[in-house]
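Peer 1: A single structure is presented below for examination.
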Amino acid sequence: MTTTLNTSTQPPKLFRPLTPIPLIHHTPRLLLLAASRALLTAELHKPHLFGKLLGAALPADWPPGEYDPDAMRYFLAQLEAGGPAATGWYGWYALRKAEGSVPRTLIGAGGFLGPPDAEGTAEIGFSLAAGWRGQGLGTELVGGLVAQAAATGRVRQLLAHTGAGNGAARGVLLRNGFAAAAGETDEARLRFVRVVVPTPAPAMPTGPDGPTGAAGAAGRAALS
């Protein structure tokens with residue numbers, strides 16, 4: 001299950017000063033953590049440290065779908081060019097919260113292809129590890145990205161693209177309020193749009209997944 005992450009044609013972003021945005025987002029079952037230079041560098045070059053930085057177990061088939069090394073390198077280049085203000089506008093990691101004997105586990109990746117344009121339009125993508133599909137987690141991941149976009153106060157519309165034969169990704173988008181774009185002519189690559197209404201940022205939870213717990217420690221370490 002994946003949306004199209006076409007980063008090969010994306011030009012480098014030119015950043016104006018941005019208001020810092022939340023870098024951790026919670027859904028009922030997931031912790032979403034914004035990618036950082038430290039995390040992406042470890043993911044690309046020091047995979048034995050990547051899981052330790054995240055504080056999570058890694059699936060055997062990581063990375064999933066179209067979230068490949070090219071996408072990682074693109075996100076890293078944008079964060080290096082944009083500095084701290086760019087964090088949160090590119091890659092995000094989806095971690096399944098620990099439950100019973102199952103530890104916190106990295107199950108997917110998603111995020112934005114950059115900050116919104118002058119009209120408030122941004123694009124998202126997502127990929128889910130094969131072993132975690134079919135449980136509604138893709139829907140929850142995209143729902144978290146939509147909520148994160150709304151909480152920034154800057155996004156007014158979200159775009160997403162997926163292959164015409166990818167019914168699972170299409171279903172995830174439709175369940176999150178996206179609709180097929182009118183007048184789309186590319187039969188192989190479908191375009192979806194969704195209006196975003198800005199909302200206040202959600203309150204940060206306490207405990208192990210809050211800012212003073214393990215999740216907060218992972219986020220702080222990752223921002224170096």
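Every chain in the structure tokens has a letter given in the order shown (A, B, ...), and although residue numbers restart at 1 in each chain, ligands are simply numbered from 1 in the order shown.
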Near Thr87 in chain A, within 8 Å and counting only C-alpha atoms, which residues show up once chain neighbours fewer than 2 positions away are dropped, as a compact mmCIF listing (two decimals) with N, CA and C atoms, in the first residue's frame?
Peer 2:
```
# COMPACT_ATOMS: atom_id res chain seq x y z
N LEU A 23 6.28 18.39 15.98
CA LEU A 23 7.07 17.36 15.32
C LEU A 23 6.72 15.96 15.79
N ALA A 34 8.32 13.30 13.11
CA ALA A 34 8.93 13.96 11.97
C ALA A 34 10.35 13.48 11.76
N ALA A 35 10.70 13.18 10.51
CA ALA A 35 12.06 12.79 10.19
C ALA A 35 13.00 13.98 10.41
N SER A 36 14.24 13.66 10.78
CA SER A 36 15.26 14.68 11.00
C SER A 36 16.51 14.28 10.23
N LEU A 79 16.03 18.94 4.19
CA LEU A 79 16.24 19.35 5.58
C LEU A 79 17.58 20.06 5.74
N GLY A 83 17.22 23.87 6.95
CA GLY A 83 17.51 24.06 8.36
C GLY A 83 16.37 23.61 9.25
N PRO A 84 16.40 23.99 10.53
CA PRO A 84 15.39 23.53 11.48
C PRO A 84 13.96 23.83 11.05
N ALA A 85 13.74 24.95 10.35
CA ALA A 85 12.37 25.31 9.96
C ALA A 85 11.77 24.33 8.96
N TRP A 89 8.01 19.30 7.45
CA TRP A 89 7.40 19.52 6.13
C TRP A 89 7.83 18.47 5.11
N TYR A 90 8.53 17.44 5.58
CA TYR A 90 8.98 16.38 4.68
C TYR A 90 8.63 15.03 5.28
```
Peer 1: Residues at most 9 Å from range 158-171 of chain A, counting only C-alpha atoms, excluding those fewer than 5 positions away in the same chain, as JSON, numbers by chain?
Peer 2: {"A": [1, 2, 3, 4, 5, 116, 120, 121, 122, 123, 124, 125, 126, 127, 134, 138, 139, 146, 149, 176, 178, 187, 188, 189, 190, 191, 192, 193, 194, 195, 196]}
Peer 1: If you keep N, CA and C atoms, can you produce a file of those selected residues as a PDB file, in the first residue's frame?
Peer 2:
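Contents of the output file again32.pdb:
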```
ATOM      1  N   MET A   1       0.846  -1.184   0.000  1.00  0.00           N
ATOM      2  CA  MET A   1       0.000   0.000   0.000  1.00  0.00           C
ATOM      3  C   MET A   1       0.884   1.237   0.000  1.00  0.00           C
ATOM      4  N   THR A   2       0.780   2.019  -1.029  1.00  0.00           N
ATOM      5  CA  THR A   2       1.639   3.198  -1.103  1.00  0.00           C
ATOM      6  C   THR A   2       1.034   4.226  -2.029  1.00  0.00           C
ATOM      7  N   THR A   3       1.266   5.482  -1.746  1.00  0.00           N
ATOM      8  CA  THR A   3       0.979   6.532  -2.700  1.00  0.00           C
ATOM      9  C   THR A   3       2.259   6.851  -3.436  1.00  0.00           C
ATOM     10  N   THR A   4       2.131   7.561  -4.549  1.00  0.00           N
ATOM     11  CA  THR A   4       3.287   7.859  -5.374  1.00  0.00           C
ATOM     12  C   THR A   4       4.115   8.963  -4.750  1.00  0.00           C
ATOM     13  N   LEU A   5       5.405   8.673  -4.506  1.00  0.00           N
ATOM     14  CA  LEU A   5       6.338   9.668  -3.988  1.00  0.00           C
ATOM     15  C   LEU A   5       7.309  10.015  -5.114  1.00  0.00           C
ATOM     16  N   PRO A 116       3.489  24.266   2.218  1.00  0.00           N
ATOM     17  CA  PRO A 116       2.458  24.662   1.257  1.00  0.00           C
ATOM     18  C   PRO A 116       2.911  25.834   0.395  1.00  0.00           C
ATOM     19  N   GLY A 120      -1.641  27.733  -0.205  1.00  0.00           N
ATOM     20  CA  GLY A 120      -1.885  26.825   0.905  1.00  0.00           C
ATOM     21  C   GLY A 120      -2.007  25.368   0.499  1.00  0.00           C
ATOM     22  N   THR A 121      -1.480  25.001  -0.672  1.00  0.00           N
ATOM     23  CA  THR A 121      -1.569  23.625  -1.154  1.00  0.00           C
ATOM     24  C   THR A 121      -0.282  22.874  -0.871  1.00  0.00           C
ATOM     25  N   ALA A 122      -0.403  21.682  -0.282  1.00  0.00           N
ATOM     26  CA  ALA A 122       0.728  20.798  -0.028  1.00  0.00           C
ATOM     27  C   ALA A 122       0.368  19.400  -0.521  1.00  0.00           C
ATOM     28  N   GLU A 123       1.377  18.558  -0.694  1.00  0.00           N
ATOM     29  CA  GLU A 123       1.152  17.191  -1.173  1.00  0.00           C
ATOM     30  C   GLU A 123       1.657  16.191  -0.152  1.00  0.00           C
ATOM     31  N   ILE A 124       0.914  15.094   0.027  1.00  0.00           N
ATOM     32  CA  ILE A 124       1.327  14.027   0.939  1.00  0.00           C
ATOM     33  C   ILE A 124       1.547  12.724   0.181  1.00  0.00           C
ATOM     34  N   GLY A 125       2.275  11.821   0.831  1.00  0.00           N
ATOM     35  CA  GLY A 125       2.449  10.464   0.344  1.00  0.00           C
ATOM     36  C   GLY A 125       2.609   9.552   1.544  1.00  0.00           C
ATOM     37  N   PHE A 126       2.467   8.247   1.348  1.00  0.00           N
ATOM     38  CA  PHE A 126       2.642   7.304   2.454  1.00  0.00           C
ATOM     39  C   PHE A 126       2.931   5.916   1.922  1.00  0.00           C
ATOM     40  N   SER A 127       3.630   5.129   2.719  1.00  0.00           N
ATOM     41  CA  SER A 127       3.901   3.722   2.427  1.00  0.00           C
ATOM     42  C   SER A 127       3.821   2.942   3.730  1.00  0.00           C
ATOM     43  N   GLY A 134      -3.822  -3.992   6.027  1.00  0.00           N
ATOM     44  CA  GLY A 134      -5.089  -4.649   6.280  1.00  0.00           C
ATOM     45  C   GLY A 134      -5.617  -4.494   7.683  1.00  0.00           C
ATOM     46  N   GLY A 138      -2.995   2.286   7.693  1.00  0.00           N
ATOM     47  CA  GLY A 138      -2.764   3.258   6.630  1.00  0.00           C
ATOM     48  C   GLY A 138      -3.766   4.400   6.713  1.00  0.00           C
ATOM     49  N   THR A 139      -5.017   4.060   6.981  1.00  0.00           N
ATOM     50  CA  THR A 139      -6.048   5.081   7.155  1.00  0.00           C
ATOM     51  C   THR A 139      -5.719   5.979   8.342  1.00  0.00           C
ATOM     52  N   VAL A 146      -3.251  14.447   7.837  1.00  0.00           N
ATOM     53  CA  VAL A 146      -4.259  15.487   7.594  1.00  0.00           C
ATOM     54  C   VAL A 146      -4.409  16.365   8.830  1.00  0.00           C
ATOM     55  N   ALA A 149      -1.420  18.618   9.156  1.00  0.00           N
ATOM     56  CA  ALA A 149      -1.503  19.727   8.201  1.00  0.00           C
ATOM     57  C   ALA A 149      -2.460  20.803   8.713  1.00  0.00           C
ATOM     58  N   ASN A 176     -10.310   9.163   4.138  1.00  0.00           N
ATOM     59  CA  ASN A 176      -9.831  10.364   4.817  1.00  0.00           C
ATOM     60  C   ASN A 176     -10.302  11.646   4.147  1.00  0.00           C
ATOM     61  N   PHE A 178     -10.507  12.516   0.915  1.00  0.00           N
ATOM     62  CA  PHE A 178      -9.991  12.910  -0.394  1.00  0.00           C
ATOM     63  C   PHE A 178     -10.998  12.516  -1.478  1.00  0.00           C
ATOM     64  N   GLU A 187      -4.310   8.194 -16.903  1.00  0.00           N
ATOM     65  CA  GLU A 187      -4.996   6.972 -16.496  1.00  0.00           C
ATOM     66  C   GLU A 187      -4.136   6.094 -15.591  1.00  0.00           C
ATOM     67  N   ALA A 188      -2.814   6.268 -15.611  1.00  0.00           N
ATOM     68  CA  ALA A 188      -1.932   5.428 -14.817  1.00  0.00           C
ATOM     69  C   ALA A 188      -1.675   6.000 -13.432  1.00  0.00           C
ATOM     70  N   ARG A 189      -1.815   7.308 -13.267  1.00  0.00           N
ATOM     71  CA  ARG A 189      -1.491   7.963 -12.003  1.00  0.00           C
ATOM     72  C   ARG A 189      -2.653   8.875 -11.620  1.00  0.00           C
ATOM     73  N   LEU A 190      -3.363   8.504 -10.575  1.00  0.00           N
ATOM     74  CA  LEU A 190      -4.559   9.224 -10.165  1.00  0.00           C
ATOM     75  C   LEU A 190      -4.211  10.325  -9.169  1.00  0.00           C
ATOM     76  N   ARG A 191      -4.928  11.431  -9.270  1.00  0.00           N
ATOM     77  CA  ARG A 191      -4.694  12.586  -8.401  1.00  0.00           C
ATOM     78  C   ARG A 191      -5.911  12.789  -7.508  1.00  0.00           C
ATOM     79  N   PHE A 192      -5.668  12.991  -6.202  1.00  0.00           N
ATOM     80  CA  PHE A 192      -6.730  13.188  -5.235  1.00  0.00           C
ATOM     81  C   PHE A 192      -6.506  14.513  -4.505  1.00  0.00           C
ATOM     82  N   VAL A 193      -7.621  15.137  -4.098  1.00  0.00           N
ATOM     83  CA  VAL A 193      -7.534  16.420  -3.408  1.00  0.00           C
ATOM     84  C   VAL A 193      -8.435  16.387  -2.181  1.00  0.00           C
ATOM     85  N   ARG A 194      -8.085  17.226  -1.209  1.00  0.00           N
ATOM     86  CA  ARG A 194      -8.884  17.350   0.015  1.00  0.00           C
ATOM     87  C   ARG A 194      -8.738  18.753   0.560  1.00  0.00           C
ATOM     88  N   VAL A 195      -9.864  19.369   0.912  1.00  0.00           N
ATOM     89  CA  VAL A 195      -9.849  20.667   1.580  1.00  0.00           C
ATOM     90  C   VAL A 195      -9.419  20.462   3.026  1.00  0.00           C
ATOM     91  N   VAL A 196      -8.623  21.389   3.552  1.00  0.00           N
ATOM     92  CA  VAL A 196      -8.151  21.328   4.937  1.00  0.00           C
ATOM     93  C   VAL A 196      -8.622  22.572   5.666  1.00  0.00           C
TER      94      VAL A 196
END
```
Peer 1: Let me make sure I understand: among A:Ala151, A:Ala38, A:Ala129, A:Gly51, which one has the smallest atom-to-atom distance to Glu80 in chain A if we use only C-alpha atoms?
Peer 2: A:Ala38
Peer 1: Please return, as a PDB file with N, CA and C atoms, in the first residue's frame, all residues of range 5-203 of chain A that DSSP assigns to strand (DSSP E or B) on the basis of the backbone.
Peer 2:
```
ATOM      1  N   ILE A  24       5.747  15.851  16.697  1.00  0.00           N
ATOM      2  CA  ILE A  24       5.200  14.571  17.137  1.00  0.00           C
ATOM      3  C   ILE A  24       3.689  14.662  17.066  1.00  0.00           C
ATOM      4  N   HIS A  25       3.055  13.634  16.502  1.00  0.00           N
ATOM      5  CA  HIS A  25       1.589  13.614  16.425  1.00  0.00           C
ATOM      6  C   HIS A  25       1.100  12.230  16.835  1.00  0.00           C
ATOM      7  N   HIS A  26       0.033  12.195  17.628  1.00  0.00           N
ATOM      8  CA  HIS A  26      -0.520  10.936  18.114  1.00  0.00           C
ATOM      9  C   HIS A  26      -1.869  10.648  17.481  1.00  0.00           C
ATOM     10  N   LEU A  30      -1.014   4.995  16.730  1.00  0.00           N
ATOM     11  CA  LEU A  30       0.261   5.360  16.123  1.00  0.00           C
ATOM     12  C   LEU A  30       0.888   6.579  16.781  1.00  0.00           C
ATOM     13  N   LEU A  31       2.198   6.586  16.775  1.00  0.00           N
ATOM     14  CA  LEU A  31       2.996   7.767  17.077  1.00  0.00           C
ATOM     15  C   LEU A  31       3.640   8.183  15.768  1.00  0.00           C
ATOM     16  N   LEU A  32       3.367   9.398  15.320  1.00  0.00           N
ATOM     17  CA  LEU A  32       3.989   9.937  14.115  1.00  0.00           C
ATOM     18  C   LEU A  32       5.104  10.882  14.534  1.00  0.00           C
ATOM     19  N   LEU A  33       6.292  10.631  14.005  1.00  0.00           N
ATOM     20  CA  LEU A  33       7.479  11.396  14.379  1.00  0.00           C
ATOM     21  C   LEU A  33       8.105  11.982  13.124  1.00  0.00           C
ATOM     22  N   ALA A  34       8.320  13.299  13.113  1.00  0.00           N
ATOM     23  CA  ALA A  34       8.927  13.962  11.965  1.00  0.00           C
ATOM     24  C   ALA A  34      10.354  13.476  11.761  1.00  0.00           C
ATOM     25  N   ALA A  57      11.289  -1.215  17.201  1.00  0.00           N
ATOM     26  CA  ALA A  57      11.679  -2.352  16.382  1.00  0.00           C
ATOM     27  C   ALA A  57      11.421  -2.023  14.912  1.00  0.00           C
ATOM     28  N   GLY A  91       9.585  14.144   5.513  1.00  0.00           N
ATOM     29  CA  GLY A  91       9.258  12.798   5.942  1.00  0.00           C
ATOM     30  C   GLY A  91       8.744  12.704   7.363  1.00  0.00           C
ATOM     31  N   TRP A  92       7.870  11.713   7.591  1.00  0.00           N
ATOM     32  CA  TRP A  92       7.379  11.345   8.921  1.00  0.00           C
ATOM     33  C   TRP A  92       7.430   9.835   9.041  1.00  0.00           C
ATOM     34  N   TYR A  93       7.757   9.354  10.241  1.00  0.00           N
ATOM     35  CA  TYR A  93       7.749   7.924  10.534  1.00  0.00           C
ATOM     36  C   TYR A  93       6.491   7.570  11.321  1.00  0.00           C
ATOM     37  N   ALA A  94       5.906   6.430  10.988  1.00  0.00           N
ATOM     38  CA  ALA A  94       4.721   5.934  11.693  1.00  0.00           C
ATOM     39  C   ALA A  94       5.122   4.758  12.558  1.00  0.00           C
ATOM     40  N   LEU A  95       4.987   4.909  13.865  1.00  0.00           N
ATOM     41  CA  LEU A  95       5.352   3.867  14.819  1.00  0.00           C
ATOM     42  C   LEU A  95       4.091   3.342  15.501  1.00  0.00           C
ATOM     43  N   ARG A  96       3.907   2.024  15.432  1.00  0.00           N
ATOM     44  CA  ARG A  96       2.799   1.385  16.144  1.00  0.00           C
ATOM     45  C   ARG A  96       3.140   1.380  17.624  1.00  0.00           C
ATOM     46  N   GLU A  99       1.982  -2.614  22.558  1.00  0.00           N
ATOM     47  CA  GLU A  99       0.734  -3.192  23.061  1.00  0.00           C
ATOM     48  C   GLU A  99       0.996  -4.626  23.495  1.00  0.00           C
ATOM     49  N   VAL A 102       3.980  -6.907  22.238  1.00  0.00           N
ATOM     50  CA  VAL A 102       4.504  -6.352  20.980  1.00  0.00           C
ATOM     51  C   VAL A 102       5.117  -4.992  21.264  1.00  0.00           C
ATOM     52  N   THR A 105       6.851  -0.394  17.231  1.00  0.00           N
ATOM     53  CA  THR A 105       7.414  -0.887  15.978  1.00  0.00           C
ATOM     54  C   THR A 105       7.198   0.130  14.863  1.00  0.00           C
ATOM     55  N   LEU A 106       8.222   0.352  14.063  1.00  0.00           N
ATOM     56  CA  LEU A 106       8.101   1.192  12.872  1.00  0.00           C
ATOM     57  C   LEU A 106       7.304   0.431  11.829  1.00  0.00           C
ATOM     58  N   ILE A 107       6.178   0.980  11.403  1.00  0.00           N
ATOM     59  CA  ILE A 107       5.314   0.241  10.472  1.00  0.00           C
ATOM     60  C   ILE A 107       5.086   0.972   9.148  1.00  0.00           C
ATOM     61  N   GLY A 108       5.490   2.220   9.055  1.00  0.00           N
ATOM     62  CA  GLY A 108       5.258   2.943   7.811  1.00  0.00           C
ATOM     63  C   GLY A 108       5.960   4.278   7.787  1.00  0.00           C
ATOM     64  N   ALA A 109       5.902   4.912   6.638  1.00  0.00           N
ATOM     65  CA  ALA A 109       6.461   6.248   6.456  1.00  0.00           C
ATOM     66  C   ALA A 109       5.510   7.058   5.603  1.00  0.00           C
ATOM     67  N   GLY A 110       5.555   8.340   5.789  1.00  0.00           N
ATOM     68  CA  GLY A 110       4.715   9.231   4.995  1.00  0.00           C
ATOM     69  C   GLY A 110       5.219  10.638   5.152  1.00  0.00           C
ATOM     70  N   GLY A 111       4.378  11.578   4.829  1.00  0.00           N
ATOM     71  CA  GLY A 111       4.770  12.961   5.026  1.00  0.00           C
ATOM     72  C   GLY A 111       4.384  13.855   3.878  1.00  0.00           C
ATOM     73  N   PHE A 112       5.056  14.977   3.822  1.00  0.00           N
ATOM     74  CA  PHE A 112       4.766  16.025   2.845  1.00  0.00           C
ATOM     75  C   PHE A 112       5.942  16.158   1.883  1.00  0.00           C
ATOM     76  N   THR A 121      -1.480  25.001  -0.672  1.00  0.00           N
ATOM     77  CA  THR A 121      -1.569  23.625  -1.154  1.00  0.00           C
ATOM     78  C   THR A 121      -0.282  22.874  -0.871  1.00  0.00           C
ATOM     79  N   ALA A 122      -0.403  21.682  -0.282  1.00  0.00           N
ATOM     80  CA  ALA A 122       0.728  20.798  -0.028  1.00  0.00           C
ATOM     81  C   ALA A 122       0.368  19.400  -0.521  1.00  0.00           C
ATOM     82  N   GLU A 123       1.377  18.558  -0.694  1.00  0.00           N
ATOM     83  CA  GLU A 123       1.152  17.191  -1.173  1.00  0.00           C
ATOM     84  C   GLU A 123       1.657  16.191  -0.152  1.00  0.00           C
ATOM     85  N   ILE A 124       0.914  15.094   0.027  1.00  0.00           N
ATOM     86  CA  ILE A 124       1.327  14.027   0.939  1.00  0.00           C
ATOM     87  C   ILE A 124       1.547  12.724   0.181  1.00  0.00           C
ATOM     88  N   GLY A 125       2.275  11.821   0.831  1.00  0.00           N
ATOM     89  CA  GLY A 125       2.449  10.464   0.344  1.00  0.00           C
ATOM     90  C   GLY A 125       2.609   9.552   1.544  1.00  0.00           C
ATOM     91  N   PHE A 126       2.467   8.247   1.348  1.00  0.00           N
ATOM     92  CA  PHE A 126       2.642   7.304   2.454  1.00  0.00           C
ATOM     93  C   PHE A 126       2.931   5.916   1.922  1.00  0.00           C
ATOM     94  N   SER A 127       3.630   5.129   2.719  1.00  0.00           N
ATOM     95  CA  SER A 127       3.901   3.722   2.427  1.00  0.00           C
ATOM     96  C   SER A 127       3.821   2.942   3.730  1.00  0.00           C
ATOM     97  N   LEU A 128       3.290   1.732   3.654  1.00  0.00           N
ATOM     98  CA  LEU A 128       3.104   0.899   4.840  1.00  0.00           C
ATOM     99  C   LEU A 128       3.827  -0.425   4.636  1.00  0.00           C
ATOM    100  N   GLN A 157      -5.285  23.014   1.381  1.00  0.00           N
ATOM    101  CA  GLN A 157      -5.640  21.915   0.474  1.00  0.00           C
ATOM    102  C   GLN A 157      -4.484  20.919   0.418  1.00  0.00           C
ATOM    103  N   LEU A 158      -4.840  19.627   0.424  1.00  0.00           N
ATOM    104  CA  LEU A 158      -3.855  18.565   0.289  1.00  0.00           C
ATOM    105  C   LEU A 158      -4.058  17.825  -1.026  1.00  0.00           C
ATOM    106  N   LEU A 159      -2.948  17.453  -1.646  1.00  0.00           N
ATOM    107  CA  LEU A 159      -2.956  16.627  -2.843  1.00  0.00           C
ATOM    108  C   LEU A 159      -2.317  15.284  -2.519  1.00  0.00           C
ATOM    109  N   ALA A 160      -2.681  14.253  -3.265  1.00  0.00           N
ATOM    110  CA  ALA A 160      -2.040  12.945  -3.174  1.00  0.00           C
ATOM    111  C   ALA A 160      -2.169  12.271  -4.529  1.00  0.00           C
ATOM    112  N   HIS A 161      -1.180  11.458  -4.873  1.00  0.00           N
ATOM    113  CA  HIS A 161      -1.217  10.703  -6.123  1.00  0.00           C
ATOM    114  C   HIS A 161      -1.011   9.229  -5.820  1.00  0.00           C
ATOM    115  N   THR A 162      -1.652   8.381  -6.594  1.00  0.00           N
ATOM    116  CA  THR A 162      -1.461   6.943  -6.444  1.00  0.00           C
ATOM    117  C   THR A 162      -1.695   6.273  -7.783  1.00  0.00           C
ATOM    118  N   GLY A 163      -1.119   5.091  -7.935  1.00  0.00           N
ATOM    119  CA  GLY A 163      -1.307   4.352  -9.174  1.00  0.00           C
ATOM    120  C   GLY A 163      -2.754   3.920  -9.352  1.00  0.00           C
ATOM    121  N   ALA A 179     -10.942  13.229  -2.585  1.00  0.00           N
ATOM    122  CA  ALA A 179     -11.793  12.917  -3.728  1.00  0.00           C
ATOM    123  C   ALA A 179     -10.942  12.979  -4.988  1.00  0.00           C
ATOM    124  N   ALA A 180     -11.307  12.173  -5.981  1.00  0.00           N
ATOM    125  CA  ALA A 180     -10.582  12.197  -7.248  1.00  0.00           C
ATOM    126  C   ALA A 180     -10.686  13.584  -7.865  1.00  0.00           C
ATOM    127  N   ARG A 189      -1.815   7.308 -13.267  1.00  0.00           N
ATOM    128  CA  ARG A 189      -1.491   7.963 -12.003  1.00  0.00           C
ATOM    129  C   ARG A 189      -2.653   8.875 -11.620  1.00  0.00           C
ATOM    130  N   LEU A 190      -3.363   8.504 -10.575  1.00  0.00           N
ATOM    131  CA  LEU A 190      -4.559   9.224 -10.165  1.00  0.00           C
ATOM    132  C   LEU A 190      -4.211  10.325  -9.169  1.00  0.00           C
ATOM    133  N   ARG A 191      -4.928  11.431  -9.270  1.00  0.00           N
ATOM    134  CA  ARG A 191      -4.694  12.586  -8.401  1.00  0.00           C
ATOM    135  C   ARG A 191      -5.911  12.789  -7.508  1.00  0.00           C
ATOM    136  N   PHE A 192      -5.668  12.991  -6.202  1.00  0.00           N
ATOM    137  CA  PHE A 192      -6.730  13.188  -5.235  1.00  0.00           C
ATOM    138  C   PHE A 192      -6.506  14.513  -4.505  1.00  0.00           C
ATOM    139  N   VAL A 193      -7.621  15.137  -4.098  1.00  0.00           N
ATOM    140  CA  VAL A 193      -7.534  16.420  -3.408  1.00  0.00           C
ATOM    141  C   VAL A 193      -8.435  16.387  -2.181  1.00  0.00           C
ATOM    142  N   ARG A 194      -8.085  17.226  -1.209  1.00  0.00           N
ATOM    143  CA  ARG A 194      -8.884  17.350   0.015  1.00  0.00           C
ATOM    144  C   ARG A 194      -8.738  18.753   0.560  1.00  0.00           C
ATOM    145  N   VAL A 195      -9.864  19.369   0.912  1.00  0.00           N
ATOM    146  CA  VAL A 195      -9.849  20.667   1.580  1.00  0.00           C
ATOM    147  C   VAL A 195      -9.419  20.462   3.026  1.00  0.00           C
TER     148      VAL A 195
END
```
Peer 1: Pick out the closest residue to Ala118 in chain A from this set: A:Val155, A:Ala130, A:Gly136, A:Lys97. Count only C-alpha atoms.
Peer 2: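 Looking at the shortest contact to Ala118 in chain A, the residue is A:Val155.
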Peer 1: Mind giving me the straight-line distance from CA of Trp62 in chain A to CA of Pro47 in chain A in Å, one decimal?
Peer 2: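 About the pair CA of Trp62 in chain A and CA of Pro47 in chain A: they are 10.3 Å apart.
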Peer 1: Just the number, please: distance in Å from CA of Met72 in chain A to CA of Gly177 in chain A, one decimal.
Peer 2: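 Result for CA of Met72 in chain A versus CA of Gly177 in chain A: 27.5 Å, one decimal.
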Peer 1: What does the distance from CA of Gly82 in chain A to CA of Glu66 in chain A come to in Å, to one decimal?
Peer 2: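 Straight-line distance from CA of Gly82 in chain A to CA of Glu66 in chain A works out to 23.4 Å.
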